[in-house]
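Structure record follows, encoded as structure tokens.
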Amino acid sequence: MRDPNCIFCKIIAGELPARIVDEDERTVAFLDIAPATRGHTLVVTREHVADLLSVDREDLHAAIVASQRLAGRIKQRLGADGVNLVNSCGAAAWQTVFHFHIHVIPRYEGDPLRLPWIPAQGDADEIAAAAAQLAGA
Ligand code: 5GP
Ligand code: ZN
């Protein structure tokens, strides 16, 4: 399925230009138009689904395997020192394009990116309460 108004669907269909660097039966990977660092790549499913919660499991598997493939190339060919995989699910989590994708972000020693949270000791009771809510099927 595709969404006629979706930027990523148009890229997959060849209707919008993009720097495609990898493709398989279920995924396409291309460079982000506004890269966080050099080589910032987006792995998208060929199928149009909004986000992590709606993506087909086989597509999700293919997307994470493609992300691993890209991460290896990014380290080998671009000389990156590390890689972050990022997925934003929902506007509150910074998602702006509602077609499932994984950011593969090359990391270079001394690059300007910073953790989006400030690590600090958590409240043990609150952690336990959250665990109780999340545990189980
Ligand atoms: P999100 O904010 O949904 O996690 O990520 C969407 C990403 O898509 C952003 O990093 C943004 O720069 C990228 N993007 C938006 N429009 C285009 C486009 O037309 N072409 C490409 N290559 N990337 C795009
Ligand atoms: Zn789409």
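How things are named: the first chain in the structure tokens is A, the next is B, and so on; residues count from 1 in each chain; ligands count from 1 in the order shown.
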Enumerate residues in contact with ligand 2: an atom-to-atom distance of at most 12 Å, counting only C-alpha atoms and all ligand atoms. Format the result as an mmCIF file with N, CA, C and O atoms, in the first residue's frame.
```
data_model
loop_
_atom_site.group_PDB
_atom_site.id
_atom_site.type_symbol
_atom_site.label_atom_id
_atom_site.label_comp_id
_atom_site.auth_asym_id
_atom_site.auth_seq_id
_atom_site.Cartn_x
_atom_site.Cartn_y
_atom_site.Cartn_z
ATOM 1 N N MET A 1 0.832 -1.193 0.000
ATOM 2 C CA MET A 1 0.000 0.000 0.000
ATOM 3 C C MET A 1 0.869 1.247 0.000
ATOM 4 O O MET A 1 1.925 1.255 0.620
ATOM 5 N N ARG A 2 0.414 2.281 -0.720
ATOM 6 C CA ARG A 2 1.128 3.544 -0.670
ATOM 7 C C ARG A 2 0.152 4.664 -0.384
ATOM 8 O O ARG A 2 -1.055 4.523 -0.580
ATOM 9 N N ASP A 3 0.725 5.785 0.095
ATOM 10 C CA ASP A 3 -0.093 6.960 0.400
ATOM 11 C C ASP A 3 0.303 8.032 -0.615
ATOM 12 O O ASP A 3 1.473 8.427 -0.674
ATOM 13 N N PRO A 4 -0.646 8.498 -1.436
ATOM 14 C CA PRO A 4 -0.300 9.445 -2.502
ATOM 15 C C PRO A 4 0.268 10.767 -1.996
ATOM 16 O O PRO A 4 0.907 11.495 -2.759
ATOM 17 N N ASN A 5 0.059 11.052 -0.716
ATOM 18 C CA ASN A 5 0.577 12.316 -0.172
ATOM 19 C C ASN A 5 1.884 12.156 0.596
ATOM 20 O O ASN A 5 2.389 13.123 1.165
ATOM 21 N N CYS A 6 2.422 10.933 0.603
ATOM 22 C CA CYS A 6 3.587 10.656 1.453
ATOM 23 C C CYS A 6 4.894 10.867 0.681
ATOM 24 O O CYS A 6 5.097 10.289 -0.398
ATOM 25 N N ILE A 7 5.774 11.671 1.271
ATOM 26 C CA ILE A 7 7.076 11.963 0.648
ATOM 27 C C ILE A 7 7.879 10.679 0.421
ATOM 28 O O ILE A 7 8.477 10.488 -0.643
ATOM 29 N N PHE A 8 7.899 9.812 1.416
ATOM 30 C CA PHE A 8 8.719 8.606 1.289
ATOM 31 C C PHE A 8 8.126 7.641 0.254
ATOM 32 O O PHE A 8 8.869 6.991 -0.484
ATOM 33 N N CYS A 9 6.803 7.555 0.178
ATOM 34 C CA CYS A 9 6.197 6.731 -0.875
ATOM 35 C C CYS A 9 6.587 7.253 -2.255
ATOM 36 O O CYS A 9 6.856 6.468 -3.175
ATOM 37 N N LYS A 10 6.648 8.580 -2.381
ATOM 38 C CA LYS A 10 7.028 9.161 -3.678
ATOM 39 C C LYS A 10 8.488 8.860 -3.995
ATOM 40 O O LYS A 10 8.841 8.605 -5.155
ATOM 41 N N ILE A 11 9.345 8.884 -2.999
ATOM 42 C CA ILE A 11 10.759 8.534 -3.220
ATOM 43 C C ILE A 11 10.874 7.073 -3.648
ATOM 44 O O ILE A 11 11.565 6.739 -4.625
ATOM 45 N N ILE A 12 10.159 6.190 -2.960
ATOM 46 C CA ILE A 12 10.203 4.757 -3.293
ATOM 47 C C ILE A 12 9.721 4.526 -4.730
ATOM 48 O O ILE A 12 10.271 3.696 -5.455
ATOM 49 N N ALA A 13 8.717 5.279 -5.144
ATOM 50 C CA ALA A 13 8.151 5.122 -6.492
ATOM 51 C C ALA A 13 8.991 5.820 -7.556
ATOM 52 O O ALA A 13 8.677 5.744 -8.750
ATOM 53 N N THR A 27 12.610 -3.101 1.810
ATOM 54 C CA THR A 27 13.099 -1.807 2.296
ATOM 55 C C THR A 27 13.843 -1.031 1.210
ATOM 56 O O THR A 27 14.342 -1.604 0.240
ATOM 57 N N VAL A 28 13.912 0.277 1.426
ATOM 58 C CA VAL A 28 14.739 1.170 0.612
ATOM 59 C C VAL A 28 15.478 2.070 1.588
ATOM 60 O O VAL A 28 14.903 2.511 2.591
ATOM 61 N N VAL A 44 13.629 2.830 5.086
ATOM 62 C CA VAL A 44 12.166 2.898 5.100
ATOM 63 C C VAL A 44 11.595 1.598 4.550
ATOM 64 O O VAL A 44 12.202 0.950 3.699
ATOM 65 N N THR A 45 10.416 1.232 5.025
ATOM 66 C CA THR A 45 9.730 0.061 4.467
ATOM 67 C C THR A 45 9.094 0.453 3.135
ATOM 68 O O THR A 45 8.644 1.586 2.960
ATOM 69 N N ARG A 46 9.059 -0.492 2.203
ATOM 70 C CA ARG A 46 8.380 -0.208 0.929
ATOM 71 C C ARG A 46 6.887 0.018 1.165
ATOM 72 O O ARG A 46 6.245 0.813 0.495
ATOM 73 N N GLU A 47 6.355 -0.708 2.131
ATOM 74 C CA GLU A 47 4.944 -0.594 2.484
ATOM 75 C C GLU A 47 4.726 0.682 3.283
ATOM 76 O O GLU A 47 5.494 0.982 4.200
ATOM 77 N N HIS A 48 3.698 1.422 2.941
ATOM 78 C CA HIS A 48 3.379 2.614 3.731
ATOM 79 C C HIS A 48 2.618 2.219 4.988
ATOM 80 O O HIS A 48 1.473 1.768 4.928
ATOM 81 N N VAL A 49 3.289 2.380 6.123
ATOM 82 C CA VAL A 49 2.615 2.287 7.430
ATOM 83 C C VAL A 49 3.135 3.449 8.250
ATOM 84 O O VAL A 49 4.257 3.918 8.040
ATOM 85 N N ALA A 50 2.342 3.912 9.201
ATOM 86 C CA ALA A 50 2.666 5.163 9.874
ATOM 87 C C ALA A 50 3.908 5.062 10.752
ATOM 88 O O ALA A 50 4.755 5.960 10.751
ATOM 89 N N ASP A 51 4.011 3.970 11.505
ATOM 90 C CA ASP A 51 5.041 4.011 12.567
ATOM 91 C C ASP A 51 5.355 2.615 13.103
ATOM 92 O O ASP A 51 4.824 1.614 12.622
ATOM 93 N N VAL A 55 3.903 -1.294 11.933
ATOM 94 C CA VAL A 55 4.694 -1.971 10.899
ATOM 95 C C VAL A 55 4.574 -3.485 11.023
ATOM 96 O O VAL A 55 4.548 -4.039 12.130
ATOM 97 N N VAL A 97 7.709 12.540 9.643
ATOM 98 C CA VAL A 97 7.226 11.857 8.432
ATOM 99 C C VAL A 97 6.581 10.549 8.889
ATOM 100 O O VAL A 97 7.259 9.683 9.456
ATOM 101 N N PHE A 98 5.284 10.420 8.605
ATOM 102 C CA PHE A 98 4.536 9.302 9.165
ATOM 103 C C PHE A 98 4.481 8.124 8.198
ATOM 104 O O PHE A 98 3.421 7.666 7.775
ATOM 105 N N HIS A 99 5.671 7.689 7.864
ATOM 106 C CA HIS A 99 5.920 6.467 7.097
ATOM 107 C C HIS A 99 7.100 5.826 7.825
ATOM 108 O O HIS A 99 8.169 6.447 7.939
ATOM 109 N N PHE A 100 6.927 4.594 8.312
ATOM 110 C CA PHE A 100 7.913 3.993 9.212
ATOM 111 C C PHE A 100 9.337 4.057 8.651
ATOM 112 O O PHE A 100 9.572 3.699 7.494
ATOM 113 N N HIS A 101 10.262 4.473 9.476
ATOM 114 C CA HIS A 101 11.666 4.534 9.065
ATOM 115 C C HIS A 101 12.587 4.469 10.271
ATOM 116 O O HIS A 101 12.201 4.828 11.386
#
```
Worksheet entry | At most 6 Å from ligand 1 (only C-alpha atoms and all ligand atoms): residue list as a ChimeraX atom specification | /A:7,18,31-34,88,94-97
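Considering only C-alpha atoms, the residue among A:Cys89, A:Val65, A:Val104, A:Ala130 positioned nearest to A:Leu52 is A:Cys89.
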Could you pull the residues within 12 Å of A:His40, counting only C-alpha atoms, minus those fewer than 4 positions along the same chain, as a PDB file with N, CA and C atoms, in the first residue's frame?
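See part_37.pdb below for the written result:
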```
ATOM      1  N   ARG A  19      18.929  10.129  -2.800  1.00  0.00           N
ATOM      2  CA  ARG A  19      20.214   9.406  -2.913  1.00  0.00           C
ATOM      3  C   ARG A  19      20.030   8.020  -2.318  1.00  0.00           C
ATOM      4  N   ILE A  20      19.526   7.103  -3.144  1.00  0.00           N
ATOM      5  CA  ILE A  20      19.274   5.737  -2.677  1.00  0.00           C
ATOM      6  C   ILE A  20      20.597   4.976  -2.593  1.00  0.00           C
ATOM      7  N   VAL A  21      20.826   4.325  -1.451  1.00  0.00           N
ATOM      8  CA  VAL A  21      22.094   3.605  -1.254  1.00  0.00           C
ATOM      9  C   VAL A  21      21.905   2.116  -1.009  1.00  0.00           C
ATOM     10  N   ALA A  29      16.753   2.352   1.304  1.00  0.00           N
ATOM     11  CA  ALA A  29      17.533   3.257   2.170  1.00  0.00           C
ATOM     12  C   ALA A  29      18.076   4.398   1.324  1.00  0.00           C
ATOM     13  N   PHE A  30      17.929   5.618   1.847  1.00  0.00           N
ATOM     14  CA  PHE A  30      18.431   6.800   1.129  1.00  0.00           C
ATOM     15  C   PHE A  30      18.934   7.812   2.140  1.00  0.00           C
ATOM     16  N   LEU A  31      19.743   8.749   1.645  1.00  0.00           N
ATOM     17  CA  LEU A  31      20.329   9.729   2.557  1.00  0.00           C
ATOM     18  C   LEU A  31      19.299  10.771   2.975  1.00  0.00           C
ATOM     19  N   ASP A  32      19.358  11.140   4.247  1.00  0.00           N
ATOM     20  CA  ASP A  32      18.462  12.168   4.789  1.00  0.00           C
ATOM     21  C   ASP A  32      18.815  13.521   4.162  1.00  0.00           C
ATOM     22  N   ILE A  33      17.779  14.283   3.808  1.00  0.00           N
ATOM     23  CA  ILE A  33      17.978  15.575   3.154  1.00  0.00           C
ATOM     24  C   ILE A  33      18.537  16.625   4.124  1.00  0.00           C
ATOM     25  N   ALA A  34      18.394  16.366   5.407  1.00  0.00           N
ATOM     26  CA  ALA A  34      18.894  17.293   6.436  1.00  0.00           C
ATOM     27  C   ALA A  34      19.723  16.487   7.440  1.00  0.00           C
ATOM     28  N   PRO A  35      20.915  16.076   7.015  1.00  0.00           N
ATOM     29  CA  PRO A  35      21.670  15.095   7.815  1.00  0.00           C
ATOM     30  C   PRO A  35      22.164  15.628   9.151  1.00  0.00           C
ATOM     31  N   ALA A  36      22.014  14.776  10.167  1.00  0.00           N
ATOM     32  CA  ALA A  36      22.573  15.095  11.486  1.00  0.00           C
ATOM     33  C   ALA A  36      24.093  15.037  11.433  1.00  0.00           C
ATOM     34  N   SER A  67      19.329  -1.845   8.440  1.00  0.00           N
ATOM     35  CA  SER A  67      20.021  -0.846   9.261  1.00  0.00           C
ATOM     36  C   SER A  67      21.390  -1.359   9.704  1.00  0.00           C
ATOM     37  N   LEU A  70      23.691  -1.135   6.714  1.00  0.00           N
ATOM     38  CA  LEU A  70      24.130   0.246   6.498  1.00  0.00           C
ATOM     39  C   LEU A  70      25.132   0.677   7.567  1.00  0.00           C
ATOM     40  N   ALA A  71      24.892   0.267   8.802  1.00  0.00           N
ATOM     41  CA  ALA A  71      25.813   0.636   9.887  1.00  0.00           C
ATOM     42  C   ALA A  71      27.213   0.109   9.593  1.00  0.00           C
ATOM     43  N   ARG A  73      28.508  -0.541   6.605  1.00  0.00           N
ATOM     44  CA  ARG A  73      29.086   0.246   5.504  1.00  0.00           C
ATOM     45  C   ARG A  73      29.522   1.625   5.984  1.00  0.00           C
ATOM     46  N   ILE A  74      28.720   2.207   6.845  1.00  0.00           N
ATOM     47  CA  ILE A  74      29.024   3.551   7.360  1.00  0.00           C
ATOM     48  C   ILE A  74      30.357   3.537   8.118  1.00  0.00           C
ATOM     49  N   LYS A  75      30.572   2.484   8.899  1.00  0.00           N
ATOM     50  CA  LYS A  75      31.839   2.413   9.627  1.00  0.00           C
ATOM     51  C   LYS A  75      32.995   2.146   8.675  1.00  0.00           C
ATOM     52  N   LEU A  78      32.800   5.198   5.447  1.00  0.00           N
ATOM     53  CA  LEU A  78      32.851   6.619   5.819  1.00  0.00           C
ATOM     54  C   LEU A  78      33.805   6.871   6.983  1.00  0.00           C
ATOM     55  N   ALA A  80      33.270   6.161  10.095  1.00  0.00           N
ATOM     56  CA  ALA A  80      32.583   6.571  11.326  1.00  0.00           C
ATOM     57  C   ALA A  80      33.150   5.790  12.516  1.00  0.00           C
ATOM     58  N   VAL A  83      27.708   4.390  15.481  1.00  0.00           N
ATOM     59  CA  VAL A  83      26.441   4.573  14.760  1.00  0.00           C
ATOM     60  C   VAL A  83      25.310   4.593  15.790  1.00  0.00           C
ATOM     61  N   ASN A  84      24.369   5.504  15.609  1.00  0.00           N
ATOM     62  CA  ASN A  84      23.112   5.463  16.369  1.00  0.00           C
ATOM     63  C   ASN A  84      21.980   5.047  15.442  1.00  0.00           C
ATOM     64  N   LEU A  85      21.134   4.126  15.911  1.00  0.00           N
ATOM     65  CA  LEU A  85      19.852   3.865  15.256  1.00  0.00           C
ATOM     66  C   LEU A  85      18.788   4.607  16.044  1.00  0.00           C
ATOM     67  N   VAL A  86      17.949   5.357  15.330  1.00  0.00           N
ATOM     68  CA  VAL A  86      16.899   6.142  15.987  1.00  0.00           C
ATOM     69  C   VAL A  86      15.580   5.885  15.269  1.00  0.00           C
ATOM     70  N   ILE A 102      13.797   4.027  10.000  1.00  0.00           N
ATOM     71  CA  ILE A 102      14.859   4.002  11.015  1.00  0.00           C
ATOM     72  C   ILE A 102      15.977   4.920  10.539  1.00  0.00           C
ATOM     73  N   HIS A 103      16.375   5.843  11.411  1.00  0.00           N
ATOM     74  CA  HIS A 103      17.538   6.684  11.118  1.00  0.00           C
ATOM     75  C   HIS A 103      18.804   5.888  11.441  1.00  0.00           C
ATOM     76  N   VAL A 104      19.733   5.862  10.495  1.00  0.00           N
ATOM     77  CA  VAL A 104      21.055   5.269  10.746  1.00  0.00           C
ATOM     78  C   VAL A 104      22.031   6.442  10.724  1.00  0.00           C
ATOM     79  N   ILE A 105      22.504   6.809  11.893  1.00  0.00           N
ATOM     80  CA  ILE A 105      23.247   8.061  12.039  1.00  0.00           C
ATOM     81  C   ILE A 105      24.715   7.765  12.351  1.00  0.00           C
ATOM     82  N   PRO A 106      25.590   8.072  11.402  1.00  0.00           N
ATOM     83  CA  PRO A 106      27.023   7.877  11.671  1.00  0.00           C
ATOM     84  C   PRO A 106      27.468   8.797  12.802  1.00  0.00           C
ATOM     85  N   ARG A 107      28.324   8.295  13.649  1.00  0.00           N
ATOM     86  CA  ARG A 107      28.862   9.114  14.730  1.00  0.00           C
ATOM     87  C   ARG A 107      30.383   9.203  14.600  1.00  0.00           C
ATOM     88  N   TYR A 108      30.885  10.414  14.743  1.00  0.00           N
ATOM     89  CA  TYR A 108      32.311  10.691  14.602  1.00  0.00           C
ATOM     90  C   TYR A 108      32.796  11.297  15.913  1.00  0.00           C
TER      91      TYR A 108
END
```
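The residues of stretch 3-134 of chain A that DSSP assigns to strand (DSSP E or B) on this backbone come out as Ile20, Val21, Asp22, Glu23, Thr27, Val28, Ala29, Phe30, Leu31, Thr41, Leu42, Val43, Val44, Thr45, Gly82, Val83, Asn84, Leu85, Val86, His101, Ile102, His103, Val104, Ile105, Pro106 and Arg107 of chain A.
Interatomic distance, atom CA of A:Ser54 to atom CA of A:Leu113: 29.1 Å.
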Discussion item. Among stretch 37-75 of chain A, which ones does DSSP assign to alpha helix (DSSP H) (computed from the backbone)? Answer as a PyMOL selection string.
Written reply: chain A and resi 57-75
How would the residues just picked look written out with all heavy atoms as a short mmCIF file (atom, residue, chain, number, x, y, z; two decimals), in the first residue's frame?
```cif
data_model
loop_
_atom_site.label_atom_id
_atom_site.label_comp_id
_atom_site.auth_asym_id
_atom_site.auth_seq_id
_atom_site.Cartn_x
_atom_site.Cartn_y
_atom_site.Cartn_z
N ARG A 57 5.65 -7.30 11.05
CA ARG A 57 6.84 -7.86 11.73
C ARG A 57 7.94 -8.24 10.74
O ARG A 57 9.12 -8.05 11.02
CB ARG A 57 6.46 -9.09 12.56
CG ARG A 57 5.77 -8.72 13.87
CD ARG A 57 5.19 -9.97 14.51
NE ARG A 57 6.25 -10.79 15.07
CZ ARG A 57 6.50 -10.89 16.38
NH1 ARG A 57 5.76 -10.23 17.23
NH2 ARG A 57 7.46 -11.65 16.83
N GLU A 58 7.56 -8.78 9.59
CA GLU A 58 8.58 -9.15 8.60
C GLU A 58 9.26 -7.90 8.04
O GLU A 58 10.46 -7.90 7.78
CB GLU A 58 7.94 -9.94 7.46
CG GLU A 58 7.46 -11.33 7.86
CD GLU A 58 8.61 -12.24 8.26
OE1 GLU A 58 9.63 -12.26 7.55
OE2 GLU A 58 8.49 -12.92 9.30
N ASP A 59 8.48 -6.85 7.85
CA ASP A 59 9.06 -5.59 7.38
C ASP A 59 9.98 -5.00 8.45
O ASP A 59 11.04 -4.44 8.14
CB ASP A 59 7.95 -4.58 7.05
CG ASP A 59 7.32 -4.85 5.69
OD1 ASP A 59 7.86 -5.67 4.93
OD2 ASP A 59 6.29 -4.21 5.41
N LEU A 60 9.56 -5.09 9.70
CA LEU A 60 10.39 -4.59 10.80
C LEU A 60 11.72 -5.34 10.84
O LEU A 60 12.79 -4.74 10.99
CB LEU A 60 9.64 -4.74 12.12
CG LEU A 60 10.37 -4.32 13.38
CD1 LEU A 60 10.73 -2.84 13.34
CD2 LEU A 60 9.50 -4.62 14.61
N HIS A 61 11.63 -6.65 10.68
CA HIS A 61 12.84 -7.46 10.67
C HIS A 61 13.76 -7.04 9.52
O HIS A 61 14.96 -6.82 9.71
CB HIS A 61 12.45 -8.94 10.54
CG HIS A 61 13.61 -9.86 10.54
ND1 HIS A 61 14.11 -10.45 9.40
CD2 HIS A 61 14.41 -10.29 11.54
CE1 HIS A 61 15.15 -11.19 9.71
NE2 HIS A 61 15.36 -11.13 11.00
N ALA A 62 13.17 -6.88 8.34
CA ALA A 62 13.98 -6.47 7.18
C ALA A 62 14.59 -5.09 7.40
O ALA A 62 15.75 -4.85 7.03
CB ALA A 62 13.10 -6.46 5.92
N ALA A 63 13.85 -4.20 8.04
CA ALA A 63 14.36 -2.83 8.26
C ALA A 63 15.52 -2.82 9.25
O ALA A 63 16.50 -2.08 9.06
CB ALA A 63 13.23 -1.92 8.75
N ILE A 64 15.45 -3.65 10.27
CA ILE A 64 16.55 -3.65 11.26
C ILE A 64 17.78 -4.33 10.66
O ILE A 64 18.93 -3.92 10.90
CB ILE A 64 16.10 -4.27 12.60
CG1 ILE A 64 17.05 -3.84 13.71
CG2 ILE A 64 16.01 -5.76 12.55
CD1 ILE A 64 16.92 -2.42 14.14
N VAL A 65 17.56 -5.36 9.84
CA VAL A 65 18.70 -6.02 9.17
C VAL A 65 19.35 -5.05 8.17
O VAL A 65 20.57 -4.95 8.09
CB VAL A 65 18.24 -7.33 8.50
CG1 VAL A 65 19.34 -7.89 7.61
CG2 VAL A 65 17.84 -8.36 9.56
N ALA A 66 18.52 -4.30 7.44
CA ALA A 66 19.07 -3.30 6.51
C ALA A 66 19.83 -2.22 7.28
O ALA A 66 20.90 -1.76 6.84
CB ALA A 66 17.95 -2.67 5.69
N SER A 67 19.33 -1.84 8.44
CA SER A 67 20.02 -0.85 9.26
C SER A 67 21.39 -1.36 9.70
O SER A 67 22.38 -0.61 9.71
CB SER A 67 19.17 -0.49 10.49
OG SER A 67 17.94 0.07 10.11
N GLN A 68 21.44 -2.62 10.06
CA GLN A 68 22.73 -3.22 10.44
C GLN A 68 23.69 -3.21 9.25
O GLN A 68 24.89 -2.90 9.39
CB GLN A 68 22.51 -4.65 10.94
CG GLN A 68 23.81 -5.30 11.41
CD GLN A 68 23.64 -6.79 11.66
OE1 GLN A 68 23.06 -7.51 10.85
NE2 GLN A 68 24.15 -7.26 12.79
N ARG A 69 23.17 -3.55 8.07
CA ARG A 69 23.99 -3.55 6.85
C ARG A 69 24.56 -2.14 6.60
O ARG A 69 25.73 -1.97 6.33
CB ARG A 69 23.08 -3.97 5.69
CG ARG A 69 23.72 -4.32 4.42
CD ARG A 69 22.81 -5.19 3.57
NE ARG A 69 21.56 -4.57 3.13
CZ ARG A 69 20.35 -5.10 3.35
NH1 ARG A 69 20.21 -6.23 3.98
NH2 ARG A 69 19.26 -4.49 2.90
N LEU A 70 23.69 -1.14 6.71
CA LEU A 70 24.13 0.25 6.50
C LEU A 70 25.13 0.68 7.57
O LEU A 70 26.11 1.38 7.27
CB LEU A 70 22.93 1.19 6.50
CG LEU A 70 22.29 1.51 5.14
CD1 LEU A 70 23.31 2.12 4.19
CD2 LEU A 70 21.68 0.30 4.47
N ALA A 71 24.89 0.27 8.80
CA ALA A 71 25.81 0.64 9.89
C ALA A 71 27.21 0.11 9.59
O ALA A 71 28.21 0.81 9.80
CB ALA A 71 25.30 0.10 11.22
N GLY A 72 27.29 -1.11 9.08
CA GLY A 72 28.59 -1.68 8.74
C GLY A 72 29.28 -0.89 7.64
O GLY A 72 30.47 -0.56 7.73
N ARG A 73 28.51 -0.54 6.60
CA ARG A 73 29.09 0.25 5.50
C ARG A 73 29.52 1.63 5.98
O ARG A 73 30.55 2.16 5.55
CB ARG A 73 28.04 0.44 4.40
CG ARG A 73 28.05 -0.66 3.39
CD ARG A 73 27.17 -0.27 2.23
NE ARG A 73 26.25 -1.34 1.92
CZ ARG A 73 25.17 -1.21 1.16
NH1 ARG A 73 24.84 -0.03 0.67
NH2 ARG A 73 24.41 -2.24 0.91
N ILE A 74 28.72 2.21 6.84
CA ILE A 74 29.02 3.55 7.36
C ILE A 74 30.36 3.54 8.12
O ILE A 74 31.17 4.45 7.97
CB ILE A 74 27.84 4.03 8.24
CG1 ILE A 74 26.73 4.58 7.33
CG2 ILE A 74 28.28 5.04 9.29
CD1 ILE A 74 25.40 4.79 8.03
N LYS A 75 30.57 2.48 8.90
CA LYS A 75 31.84 2.41 9.63
C LYS A 75 32.99 2.15 8.67
O LYS A 75 34.04 2.79 8.75
CB LYS A 75 31.79 1.33 10.71
CG LYS A 75 31.01 1.78 11.94
CD LYS A 75 31.37 0.97 13.17
CE LYS A 75 32.69 1.41 13.77
NZ LYS A 75 32.95 0.76 15.07
#
```
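For the atom pair formed by atom CA of A:Arg26 and atom CA of A:Gly82, the distance is 25.6 Å, given to one decimal.
Closest to A:Pro112 among A:Thr37, A:Gln76, A:Gln133, A:Asn87 is A:Thr37, based on only C-alpha atoms.
In this comparison, which uses only C-alpha atoms, the residue of A:Asp24, A:Glu126, A:Gly110, A:Leu53 approaching A:Gly90 most closely is A:Leu53.
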